[in-house]
Amino acid sequence: MVCVASERTIGRTVVPVSTVPVWPLIALMMMAELGQIFGYHIRHIEEEPSHQLQQDLMDFIDLVPFEDVQRLMQYYYHYDVEVESAFDYVSTEDYTQIRLDIVNLGEVRSFRRYLDSIGFSVEKVWTELNKRFDADDIFAEPDESVRMLNLTTRGLNGLVDDILALLPQDEIILLFFDKLETSNDFSFFFEQIGSGEFENVLNTLQSSQQLRILLWRLQRHGFDIPGWIQLVQKYFSFSSF
């Protein structure tokens, strides 16, 4: 699911629709999971990267069927009470404050600074996702193509699970192998997220009591971010490797 900066009108008040940019971070966790599974294929790179990692990441984003994802989110919003309530909650002052509190946590800022230092820009990935996705269509009245999906909805976790099912798994894995073999930046990146330094930064983030409290407050409204990361990990965990 990709929610972008937009606006919705509630009553007579126009409020911004924006979410914590967790999807770039979930994408990172997806990459990290693949790295753990296929880590022995990563080449050791001696030279400094040439700062083309962003294009490598865009090649993965280009594999996402955004039109299908958008239709799926539109269906869930109109036919699943939990998803509708959660999406509407994003427009509240409470959500906005939690989002600001999360991004301003020292542990979160340190984590993002580390990602920036190894070439992974959360902001740039977020911007590219927004270019490919029009959130306004989610709230529009569904047309026949959306209504004909005729799905059994399962709340926000079910939505995330169904979005993962839309991803071209085989193509993602093939591209992953190709990038490891052909892109020094990509290989360098995976060396870094397999390092002790990354592990320390990540452990500090995960151990933050303040972050846990804020995530718990979001989870009360259906935003189970740790659970979504587990779904991603499960999706790319193959016992055959």
# chains A, B, ... in the order shown; residues from 1 in each chain; ligands from 1
$ closest_atom_pairs --of "stretch 88-187 of chain A" --to "stretch 206-212 of chain A" --cutoff "9 Å" --atoms "only C-alpha atoms" --output "Markdown table"
| residue | atom | partner | partner_atom | distance |
| --- | --- | --- | --- | --- |
| A:Asp101 | CA | A:Leu211 | CA | 8.7 |
| A:Ile102 | CA | A:Leu211 | CA | 6.6 |
| A:Leu105 | CA | A:Leu211 | CA | 7.5 |
| A:Glu107 | CA | A:Ser208 | CA | 7.0 |
| A:Val108 | CA | A:Leu211 | CA | 8.4 |
$ residues_around --residues "stretch 142-151 of chain A" --least-positions-apart "6" --cutoff "12 Å" --atoms "only C-alpha atoms" --output "list of chain:residue names"
A:Glu67, A:Asp68, A:Val69, A:Gln70, A:Arg71, A:Leu72, A:Met73, A:Gln74, A:Tyr75, A:Tyr76, A:Tyr77, A:His78, A:Tyr79, A:Asp80, A:Asp136, A:Gly158, A:Leu159, A:Asp162
$ select_by_dssp --residues "stretch 10-221 of chain A" --states "strand (DSSP E)" --output "list of chain:residue names"
A:Ile10, A:Thr13, A:Val14, A:Val15, A:Pro16, A:Val17
$ atom_distance --atom1 "atom CA of A:Glu191" --atom2 "atom CA of A:Leu115"
12.7 Å
$ closest_residue --among "A:Ser91, A:Asn200, A:Ser195, A:Gln97" --to "A:Arg217" --atoms "only C-alpha atoms"
A:Gln97
$ residues_around --residues "A:Asp161" --least-positions-apart "4" --cutoff "7 Å" --atoms "only C-alpha atoms" --output "VMD selection string"
chain A and resid 157 165 231
$ closest_residue --among "A:Phe60, A:Val81, A:Gly155, A:Asp137" --to "A:Asp170" --atoms "only C-alpha atoms"
A:Phe60
